[in-house]
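Structure below is protein.txt: compact mmCIF, C-alpha atoms.
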```txt
# COMPACT_ATOMS: atom_id res chain seq x y z
CA MET I 1 0.00 0.00 0.00
CA PHE I 2 2.83 2.43 0.93
CA LYS I 3 4.76 1.51 -2.23
CA ASN I 4 1.72 2.26 -4.41
CA LYS I 5 1.36 5.67 -2.80
CA SER I 6 5.03 6.38 -3.55
CA TYR I 7 4.53 5.56 -7.21
CA ILE I 8 1.47 7.80 -7.30
CA GLY I 9 3.48 10.67 -5.74
CA ILE I 10 6.34 10.31 -8.19
CA SER I 11 3.93 10.16 -11.11
CA PHE I 12 2.22 13.31 -9.89
CA VAL I 13 5.58 15.19 -9.69
CA ILE I 14 6.52 14.07 -13.21
CA LEU I 15 3.11 15.17 -14.51
CA ILE I 16 3.45 18.62 -12.92
CA PHE I 17 7.01 19.01 -14.35
CA GLY I 18 5.77 18.03 -17.80
CA ILE I 19 2.92 20.50 -17.73
CA TYR I 20 5.31 23.29 -16.72
CA ALA I 21 8.50 22.51 -18.64
CA VAL I 22 7.57 20.82 -21.92
CA PRO I 23 5.78 23.83 -23.47
CA LYS I 24 8.81 26.03 -22.66
CA ILE I 25 11.22 23.54 -24.26
CA VAL I 26 9.06 23.28 -27.36
CA SER I 27 8.85 27.06 -27.59
CA ARG I 28 12.62 27.45 -27.35
CA MET I 29 13.11 24.81 -30.05
CA GLN I 30 10.72 26.61 -32.36
CA ASN I 31 12.61 29.87 -31.81
CA ASN I 32 16.03 28.23 -32.27
CA GLU I 33 16.97 29.19 -28.71
CA ILE I 34 17.58 25.73 -27.34
CA VAL I 35 21.38 26.05 -27.68
CA LYS I 36 21.70 29.66 -26.55
CA GLY I 37 23.07 30.49 -23.15
CA ALA I 38 25.90 32.00 -21.18
CA ARG I 39 28.06 28.92 -21.67
CA LEU I 40 27.74 29.05 -25.46
CA ASP I 41 28.44 32.78 -25.46
CA MET I 42 31.68 32.10 -23.63
CA VAL I 43 32.71 29.46 -26.14
CA THR I 44 31.85 31.70 -29.09
CA GLY I 45 33.86 34.57 -27.66
CA ALA I 46 36.89 32.38 -27.05
CA ASN I 47 36.89 31.19 -30.64
CA SER I 48 36.24 34.46 -32.43
CA GLU I 49 37.93 34.93 -35.79
CA ALA I 50 40.18 37.66 -34.42
CA ASP I 51 41.47 35.35 -31.69
CA LYS I 52 42.60 32.89 -34.35
CA LEU I 53 45.10 35.41 -35.72
CA THR I 54 48.46 35.34 -33.95
CA LYS I 55 50.19 38.58 -33.00
CA ILE I 56 53.83 38.21 -34.05
CA GLY I 57 54.98 41.59 -32.75
CA PRO I 58 55.33 45.22 -33.84
CA ALA I 59 56.16 45.75 -37.51
CA PRO I 60 59.53 47.49 -38.05
CA LYS I 61 59.36 51.26 -38.39
CA PHE I 62 60.17 52.69 -41.80
CA GLU I 63 60.30 56.00 -43.67
CA LEU I 64 60.79 56.08 -47.44
CA ILE I 65 59.75 58.09 -50.51
CA ASN I 66 56.76 57.09 -52.62
CA GLN I 67 56.02 57.39 -56.33
CA ASP I 68 54.93 61.00 -55.84
CA ASN I 69 58.10 62.01 -53.96
CA VAL I 70 56.17 62.09 -50.69
CA LYS I 71 57.63 60.72 -47.44
CA ILE I 72 55.69 57.67 -46.29
CA SER I 73 56.22 55.90 -42.97
CA ASN I 74 54.57 53.29 -40.82
CA GLU I 75 52.81 56.21 -39.11
CA THR I 76 51.08 56.93 -42.44
CA TYR I 77 49.26 53.63 -41.96
CA LYS I 78 48.43 54.09 -38.29
CA GLY I 79 44.83 53.00 -37.73
CA LYS I 80 44.82 51.07 -41.02
CA VAL I 81 45.20 47.42 -41.91
CA TYR I 82 47.83 47.01 -44.61
CA VAL I 83 49.76 44.45 -46.64
CA LEU I 84 53.49 44.92 -47.26
CA GLU I 85 55.80 43.36 -49.85
CA PHE I 86 59.33 43.70 -51.24
CA PHE I 87 59.71 43.68 -55.03
CA PHE I 88 61.43 45.44 -57.95
CA THR I 89 59.98 46.74 -61.19
CA THR I 90 62.26 44.83 -63.59
CA CYS I 91 61.78 41.48 -61.85
CA PRO I 92 61.31 38.85 -64.59
CA SER I 93 60.28 35.95 -62.37
CA ILE I 94 57.94 36.12 -59.38
CA CYS I 95 57.02 39.82 -59.29
CA PRO I 96 54.46 39.70 -62.13
CA LYS I 97 52.56 37.02 -60.19
CA MET I 98 52.88 39.00 -56.97
CA ASN I 99 51.60 42.08 -58.81
CA GLN I 100 48.49 40.22 -59.94
CA SER I 101 47.87 38.91 -56.43
CA MET I 102 48.21 42.39 -54.96
CA LEU I 103 45.91 43.85 -57.62
CA LEU I 104 43.30 41.29 -56.64
CA ILE I 105 43.64 42.33 -53.00
CA GLU I 106 43.40 46.00 -53.99
CA LYS I 107 40.24 45.32 -55.98
CA THR I 108 38.65 43.43 -53.08
CA PHE I 109 39.13 46.32 -50.63
CA PHE I 110 39.08 49.26 -53.02
CA GLY I 111 37.42 52.31 -51.51
CA ASN I 112 37.96 51.20 -47.90
CA PRO I 113 39.87 54.07 -46.23
CA ASN I 114 41.06 51.72 -43.48
CA PHE I 115 43.05 49.48 -45.80
CA GLY I 116 46.31 50.04 -47.66
CA ILE I 117 49.23 48.40 -49.49
CA VAL I 118 52.99 49.04 -49.26
CA SER I 119 55.34 47.86 -52.03
CA ILE I 120 59.03 48.50 -51.30
CA THR I 121 61.59 48.15 -54.08
CA ILE I 122 64.85 46.29 -53.46
CA ASP I 123 66.42 47.95 -56.52
CA PRO I 124 66.28 51.63 -55.52
CA SER I 125 69.08 52.70 -57.89
CA HIS I 126 66.78 51.89 -60.80
CA ASP I 127 63.38 52.25 -59.17
CA THR I 128 63.23 56.01 -58.67
CA PRO I 129 59.93 57.68 -57.77
CA SER I 130 59.23 58.41 -61.46
CA VAL I 131 59.92 54.78 -62.42
CA LEU I 132 57.64 53.58 -59.62
CA LYS I 133 54.92 55.97 -60.75
CA ASP I 134 55.10 54.62 -64.30
CA HIS I 135 55.02 51.10 -62.90
CA ALA I 136 51.91 51.81 -60.83
CA GLU I 137 50.17 53.30 -63.86
CA LEU I 138 51.18 50.32 -66.00
CA LEU I 139 49.67 47.96 -63.45
CA GLY I 140 46.47 49.99 -63.32
CA VAL I 141 46.70 50.81 -59.62
CA LYS I 142 43.73 52.87 -58.47
CA SER I 143 44.01 53.04 -54.68
CA SER I 144 45.47 56.18 -53.14
CA ASN I 145 46.48 54.00 -50.18
CA TRP I 146 48.86 51.86 -52.27
CA ASN I 147 52.34 53.35 -51.99
CA PHE I 148 55.39 52.21 -53.97
CA LEU I 149 58.45 53.11 -51.91
CA THR I 150 62.14 53.67 -52.62
CA GLY I 151 65.13 55.04 -50.73
CA ASP I 152 68.57 54.10 -49.51
CA ARG I 153 69.66 50.63 -50.65
CA GLU I 154 71.27 49.53 -47.36
CA TYR I 155 68.34 50.85 -45.36
CA ILE I 156 65.87 48.84 -47.47
CA PHE I 157 67.92 45.63 -47.30
CA ASN I 158 68.17 45.93 -43.52
CA LEU I 159 64.44 46.57 -43.32
CA ALA I 160 63.72 43.44 -45.36
CA ASN I 161 66.28 41.03 -43.91
CA LYS I 162 66.66 42.19 -40.32
CA GLY I 163 63.39 44.01 -39.77
CA PHE I 164 60.76 41.81 -41.38
CA ASN I 165 62.97 38.73 -41.90
CA LEU I 166 61.77 38.62 -45.51
CA TYR I 167 64.76 37.66 -47.62
CA ALA I 168 66.05 40.09 -50.23
CA GLY I 169 69.49 40.09 -51.82
CA GLU I 170 71.57 40.63 -54.93
CA ASN I 171 72.56 37.66 -57.09
CA SER I 172 74.25 38.19 -60.45
CA ASP I 173 73.53 34.57 -61.39
CA VAL I 174 69.76 35.01 -61.52
CA LYS I 175 67.68 36.90 -64.05
CA GLY I 176 67.10 40.44 -62.90
CA GLY I 177 70.09 40.37 -60.54
CA PHE I 178 68.04 40.20 -57.33
CA GLU I 179 66.38 37.53 -55.21
CA HIS I 180 63.50 37.97 -52.79
CA SER I 181 60.60 36.07 -51.26
CA GLY I 182 57.10 36.10 -52.66
CA LEU I 183 55.61 36.58 -49.22
CA PHE I 184 53.19 39.27 -48.01
CA ALA I 185 53.20 40.69 -44.47
CA LEU I 186 49.87 41.55 -42.85
CA ILE I 187 49.85 44.42 -40.34
CA ASP I 188 46.89 45.38 -38.14
CA LYS I 189 45.56 48.80 -37.15
CA ASN I 190 47.92 48.96 -34.17
CA GLY I 191 51.02 48.27 -36.24
CA ASN I 192 51.41 44.61 -35.28
CA ILE I 193 52.28 41.81 -37.69
CA ARG I 194 49.45 39.29 -37.61
CA CYS I 195 48.92 35.88 -39.18
CA ARG I 196 46.86 32.72 -39.02
CA LYS I 197 48.12 29.28 -37.95
CA ASP I 198 48.82 26.25 -40.10
CA ASP I 199 47.16 22.85 -39.71
CA PHE I 200 49.58 21.97 -36.90
CA GLY I 201 48.85 25.12 -34.90
CA ASN I 202 52.05 26.96 -35.85
CA PRO I 203 51.97 30.65 -36.95
CA ILE I 204 52.60 30.92 -40.70
CA LEU I 205 54.20 34.38 -40.14
CA TYR I 206 53.62 35.55 -43.73
CA TYR I 207 51.25 34.81 -46.61
CA ASP I 208 52.30 33.29 -49.94
CA GLY I 209 51.63 35.90 -52.61
CA LEU I 210 52.31 33.35 -55.35
CA ASP I 211 49.64 30.89 -54.24
CA LYS I 212 45.88 31.19 -54.69
CA LYS I 213 45.23 29.82 -51.22
CA GLY I 214 47.69 32.26 -49.67
CA VAL I 215 45.97 35.19 -51.39
CA ARG I 216 42.54 33.90 -50.38
CA ASP I 217 43.69 33.43 -46.78
CA ILE I 218 45.11 36.93 -46.47
CA GLN I 219 41.92 38.46 -47.88
CA GLN I 220 39.88 36.60 -45.27
CA ASP I 221 42.21 37.75 -42.50
CA ILE I 222 42.20 41.36 -43.73
CA ASN I 223 38.43 41.30 -43.31
CA VAL I 224 38.85 40.02 -39.75
CA LEU I 225 41.32 42.76 -38.84
CA LEU I 226 39.17 45.47 -40.39
CA GLU I 227 36.39 44.45 -37.98
CA GLU I 228 38.60 44.79 -34.88
```

As C-alpha cells, the full file:
Amino acid sequence: MFKNKSYIGISFVILIFGIYAVPKIVSRMQNNEIVKGARLDMVTGANSEADKLTKIGPAPKFELINQDNVKISNETYKGKVYVLEFFFTTCPSICPKMNQSMLLIEKTFFGNPNFGIVSITIDPSHDTPSVLKDHAELLGVKSSNWNFLTGDREYIFNLANKGFNLYAGENSDVKGGFEHSGLFALIDKNGNIRCRKDDFGNPILYYDGLDKKGVRDIQQDINVLLEE
C-alpha cells in the first residue's frame, strides 16, 4: 500500500514538471533558442575569428619616398590594416605574379579608407619615384592608399632582412640580378604583424603571394582585422 502511494506521488511530480517545462522547451526549439546560453556565449567569444590570428609583434618602423616624392612611414598607416611586400619593377620571375595577387587584393578592398598596401623596391638605384609611378600606372593601380616606396639601398635591405625577416638580396647569377621572397606581411591597425596558424597550430608568419590559397587566406584575415 505504501509503495503504491510512492509511485502515485512520483507520477504526480513528473506530470506537474511536464505540464510546466515541456511547453517552454518546445517554444525554445521553435525559436532556435535551445542552444543559446551563457556557456555558449563564452565558447563563441573564445573562438572568435580575431582570436585565431596570432600577434607576431610590432612591424619594423620605416620611412621612405613614394612614387609621388612624398615621405611615407609606418605612421602613415596608423589605424589602417595594410599588406606589405618587397619587389622590384624589372623582376622577370615572381614579381608579375605578386603584382596580380596584390591587384586582386586592392580590388577586393578598393574604396575602404582603413586598408592600404605598401610595395618596397629592393632595386632603388633603378626604381626612382618616377619609375615607380610609371610602374603603378602600367599595373592599373587605383588606390590612393597603395604606396610604392624607394630610398637608400642599405636601409631597405636591412628593413627586409633584419626588420621583417623577408629575404632580399643581390645575385648576379639570376635573371634580374636580385632575389626575394614572394611573401606578403599583414599588419593590423595597431602596427602589429598578424597571421593565421597552419594545420599543426604553428603561426605561418607571412602569406604566400604566389599561391591562390595564400591570397585567399590573407583576404579573409584582412576582413577580420578590419572588424577589430

Padding of 5 Å on every side, edges along x, y and z, all listed atoms of segment 172-190 of chain I included: what centre and edge lengths in Å, to one decimal, does that box have, as lines of an AutoDock Vina configuration file?
```
center_x = 59.9
center_y = 41.8
center_z = -49.1
size_x = 38.7
size_y = 24.4
size_z = 39.9
```

(message) Just the number, please: distance in Å from atom CA of Arg196 of chain I to atom CA of Leu183 of chain I, one decimal.
(response) 14.0 Å

(message) Rounded to one decimal, what separation in Å do you get between atom CA of Ile122 of chain I and atom CA of Gln220 of chain I?
(response) 28.0 Å

(message) Between atom CA of Asp208 of chain I and atom CA of Ser181 of chain I, what is the distance in Å, rounded to a tenth?
(response) 8.9 Å

Which residues of segment 49-100 of chain I have any atom within 12 Å of an atom in segment 143-159 of chain I when counting all atoms listed in the file, and what is the closest pair of atoms for each, with the distance in Å to one decimal? Order the rows by chain and rising number and write it as a tab-separated table.
```
residue	atom	partner	partner_atom	distance
I:Ala59	CA	I:Leu159	CA	10.1
I:Pro60	CA	I:Leu159	CA	7.3
I:Lys61	CA	I:Leu159	CA	8.5
I:Phe62	CA	I:Leu159	CA	7.6
I:Glu63	CA	I:Gly151	CA	8.6
I:Leu64	CA	I:Gly151	CA	5.5
I:Ile65	CA	I:Leu149	CA	5.3
I:Asn66	CA	I:Leu149	CA	4.4
I:Gln67	CA	I:Phe148	CA	5.7
I:Asp68	CA	I:Asn147	CA	8.9
I:Asn69	CA	I:Leu149	CA	9.1
I:Val70	CA	I:Leu149	CA	9.3
I:Lys71	CA	I:Leu149	CA	8.9
I:Ile72	CA	I:Leu149	CA	7.7
I:Ser73	CA	I:Leu149	CA	9.6
I:Asn74	CA	I:Asn147	CA	11.4
I:Thr76	CA	I:Asn145	CA	9.5
I:Tyr77	CA	I:Asn145	CA	8.7
I:Lys80	CA	I:Asn145	CA	9.8
I:Val81	CA	I:Asn145	CA	10.6
I:Tyr82	CA	I:Asn145	CA	9.0
I:Val83	CA	I:Trp146	CA	9.3
I:Leu84	CA	I:Trp146	CA	9.7
I:Glu85	CA	I:Phe148	CA	9.8
I:Phe86	CA	I:Ile156	CA	9.1
I:Phe87	CA	I:Phe148	CA	9.6
I:Phe88	CA	I:Thr150	CA	9.8
I:Thr89	CA	I:Phe148	CA	10.2
I:Asn99	CA	I:Phe148	CA	11.8
```
